[in-house]
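Report on the structure given below.
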Amino acid sequence: MSTALIAVLFLLTVVMIHVTILPAVLPTTFRPDALLAATMTWGALAGYRQAVALGVIGGFLVDLWGDAPIGLTGLLVGTVAFLTAIGEIPLIPANALVPLITAFIGEFVLQGLRFIMFQALGRPVELGDPMPAIILLTAVSTSMLVLGFYPFARWLDRRMKRPRLEW
Amino acid sequence: MIRARAALGPLLWLSFAIIGIWVANSGFARPVIGAATAAFAPVQQVLTVLVQPAGNLVRNVLDVGASREENERLRQAVERLNAEVVRLQESDIENERLRAMLDFRRRNPQFELLAARIIAMDPSSPVRSATIDRGADAGLREGMVTLSPAGNLVGRVVQVWPTTARVQFIVDSSSSVNALIQRADSRALGIVNGLPGDRLLMRYLPQQEEIRAGDIVVTSGLGESYPRGLHIGQVVEVKRNPVDLFQEARVDPAVKFSRLDSVQVIMNFVPAGLD
């Protein structure tokens, strides 16, 4: 199977988990952000450039089924994906903790940017209670989802025979 | 040079993103978006069906927790409402009692009445009496007559302490009340005695008087121990033996003594011999 095809399948799988599987399985007020979790996991393994690409294209696809203007999620997740660059700082050891932390922080950054963008687009979002709790739970569950993605992403990364990053 | 390139990257990224968003949200992209979502619809339907059991499981687990909380909340609400119902029922009974007292006072303005609550009674004792929460401090004296809230005869005060008093019921075996049959064609006089089991027996009724079941029995006022005309009860059975000097009548007391919780004391009637 070609690398490109595997990448496309991975991307589509993430998007389907995000827009179809998680809403069907978790009838809760908060849900993990599968796209962000996958983006941060992949960024930790393959570098921030690929994470940005995954975030932008994945976000674009997610917006096909969401209520945000098409491309907005791509722009925001793509921007947040730059956070994975901290995994390339030599002082920070390379392990699964990096995407865990970046996904947790990334969720807050993403929600903050989304809030600003929605305000700018004239669609104000109520940030009062219980939004902070929902965002916190979303961030925690997104980090947990990273643990689910990480082994698969690691396997995929090896399968695609990418050069290992030495941090 | 390197700094310029570093700054150019994010600017290019932002420009590209904004143009992309504008294009995607313009009318040009609508058919493409429609086709893309339509293409994924079958996959999403299959996925939804496949993950449905997992979704149901999670829903059930969440519902169990929610149901438990709801159950606990409802249980507490039921307890609270039960207590409220009991309180309201008690208020209703109290209201009924006060209404009866008020009604009796309106109909009998000649009596100066003092309401008292029964605070002690031994229902298993053969001596039928009760302790009330008013005593000498409230002006009570031995021999004073007590009535039920509706004005039916209860008995008389037999012992008085500063803050309490003991009332002997007319159904007590040692109680005697001068009474008469309240009927236009029969004013037969007799004496009502208490019998075990909260019953009354009217004795010394003249043989020539025709006493019938259903006749009302009231105090006669003779002997000045009780005011005249207080309701005692109703005749339920007449025992007449031609060889006897008198006939007897079993009387059903107007007061349900086992349910009595308060009385009224007539303060302005002084029985004979008390002064």
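Note on naming: chains are A, B, ... as they come in the structure tokens, residues start from 1 per chain, ligands start from 1 in the order shown.
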
Discussion item. Distance cut-off 10 Å, counting only C-alpha atoms - which residues of chain B neighbour chain A? Return them as a VMD selection string.
Written reply: chain B and resid 10 13 to 14 16 to 26 29 33 to 34 36 to 37 40 43 to 45 47 to 59 62

Just-selected residues, N, CA and C atoms written as a compact mmCIF listing (two decimals), in the first residue's frame:
```
# COMPACT_ATOMS: atom_id res chain seq x y z
N PRO B 10 4.46 32.28 8.29
CA PRO B 10 3.14 32.45 8.89
C PRO B 10 2.22 33.36 8.07
N TRP B 13 0.93 31.44 5.24
CA TRP B 13 -0.03 30.46 5.80
C TRP B 13 -1.38 31.12 6.04
N LEU B 14 -1.32 32.30 6.65
CA LEU B 14 -2.55 33.01 6.97
C LEU B 14 -3.29 33.45 5.70
N PHE B 16 -3.07 32.12 2.75
CA PHE B 16 -3.61 30.93 2.09
C PHE B 16 -4.88 30.46 2.78
N ALA B 17 -4.83 30.49 4.11
CA ALA B 17 -5.99 30.01 4.89
C ALA B 17 -7.21 30.88 4.64
N ILE B 18 -7.00 32.20 4.66
CA ILE B 18 -8.14 33.13 4.47
C ILE B 18 -8.73 32.97 3.07
N ILE B 19 -7.85 32.88 2.08
CA ILE B 19 -8.34 32.69 0.70
C ILE B 19 -9.10 31.37 0.59
N GLY B 20 -8.51 30.35 1.23
CA GLY B 20 -9.15 29.02 1.20
C GLY B 20 -10.53 29.05 1.83
N ILE B 21 -10.64 29.73 2.96
CA ILE B 21 -11.93 29.82 3.65
C ILE B 21 -12.94 30.57 2.78
N TRP B 22 -12.43 31.67 2.17
CA TRP B 22 -13.34 32.47 1.33
C TRP B 22 -13.86 31.64 0.17
N VAL B 23 -12.95 30.91 -0.46
CA VAL B 23 -13.34 30.09 -1.62
C VAL B 23 -14.31 28.99 -1.19
N ALA B 24 -13.97 28.35 -0.05
CA ALA B 24 -14.79 27.23 0.42
C ALA B 24 -16.21 27.66 0.77
N ASN B 25 -16.34 28.90 1.27
CA ASN B 25 -17.67 29.36 1.67
C ASN B 25 -18.42 30.11 0.58
N SER B 26 -17.76 30.26 -0.57
CA SER B 26 -18.45 30.93 -1.67
C SER B 26 -19.34 29.91 -2.40
N ALA B 29 -17.95 26.49 -4.31
CA ALA B 29 -17.59 25.21 -3.67
C ALA B 29 -18.80 24.39 -3.26
N ILE B 33 -18.82 20.46 -2.07
CA ILE B 33 -19.10 20.09 -0.68
C ILE B 33 -20.27 19.11 -0.62
N GLY B 34 -21.30 19.39 -1.42
CA GLY B 34 -22.46 18.50 -1.47
C GLY B 34 -22.06 17.11 -1.91
N ALA B 36 -19.09 15.74 -1.70
CA ALA B 36 -18.21 15.11 -0.70
C ALA B 36 -19.03 14.55 0.46
N THR B 37 -19.96 15.32 0.95
CA THR B 37 -20.77 14.83 2.08
C THR B 37 -21.64 13.65 1.65
N PHE B 40 -19.66 10.42 1.55
CA PHE B 40 -19.36 9.82 2.85
C PHE B 40 -20.60 9.30 3.58
N VAL B 43 -20.87 5.51 4.24
CA VAL B 43 -19.86 5.08 5.21
C VAL B 43 -20.30 5.48 6.62
N GLN B 44 -20.81 6.69 6.72
CA GLN B 44 -21.23 7.17 8.04
C GLN B 44 -22.43 6.38 8.55
N GLN B 45 -23.33 6.01 7.64
CA GLN B 45 -24.50 5.21 8.06
C GLN B 45 -24.04 3.87 8.62
N LEU B 47 -21.06 3.11 9.80
CA LEU B 47 -20.34 3.34 11.06
C LEU B 47 -21.31 3.58 12.22
N THR B 48 -22.35 4.35 11.93
CA THR B 48 -23.34 4.65 12.99
C THR B 48 -24.00 3.37 13.48
N VAL B 49 -24.36 2.50 12.51
CA VAL B 49 -25.00 1.22 12.89
C VAL B 49 -24.02 0.37 13.71
N LEU B 50 -22.76 0.35 13.25
CA LEU B 50 -21.77 -0.49 13.92
C LEU B 50 -21.51 -0.03 15.36
N VAL B 51 -21.44 1.28 15.57
CA VAL B 51 -21.09 1.77 16.92
C VAL B 51 -22.32 1.98 17.79
N GLN B 52 -23.50 1.73 17.20
CA GLN B 52 -24.74 1.93 17.97
C GLN B 52 -24.75 1.16 19.30
N PRO B 53 -24.38 -0.17 19.28
CA PRO B 53 -24.38 -0.91 20.56
C PRO B 53 -23.47 -0.28 21.60
N ALA B 54 -22.29 0.19 21.14
CA ALA B 54 -21.37 0.83 22.09
C ALA B 54 -22.00 2.10 22.64
N GLY B 55 -22.65 2.84 21.75
CA GLY B 55 -23.32 4.07 22.17
C GLY B 55 -24.42 3.79 23.17
N ASN B 56 -25.19 2.73 22.88
CA ASN B 56 -26.28 2.35 23.79
C ASN B 56 -25.73 1.95 25.15
N LEU B 57 -24.61 1.22 25.12
CA LEU B 57 -23.99 0.78 26.37
C LEU B 57 -23.58 1.99 27.21
N VAL B 58 -22.91 2.94 26.56
CA VAL B 58 -22.47 4.15 27.28
C VAL B 58 -23.68 4.90 27.81
N ARG B 59 -24.72 5.01 26.97
CA ARG B 59 -25.96 5.71 27.39
C ARG B 59 -26.56 5.03 28.62
N LEU B 62 -24.50 5.72 31.68
CA LEU B 62 -24.74 7.10 32.15
C LEU B 62 -26.14 7.22 32.75
```

Discussion item. I need the residues of segment 23-262 of chain B that end up classed as strand (DSSP E or B) by DSSP on the backbone, written out as number ranges by chain.
Written reply: B: 113-121, 129-132, 145-147, 153-160, 165-169, 176-183, 186, 189-195, 199-206, 216-219, 231-239, 246-253, 262
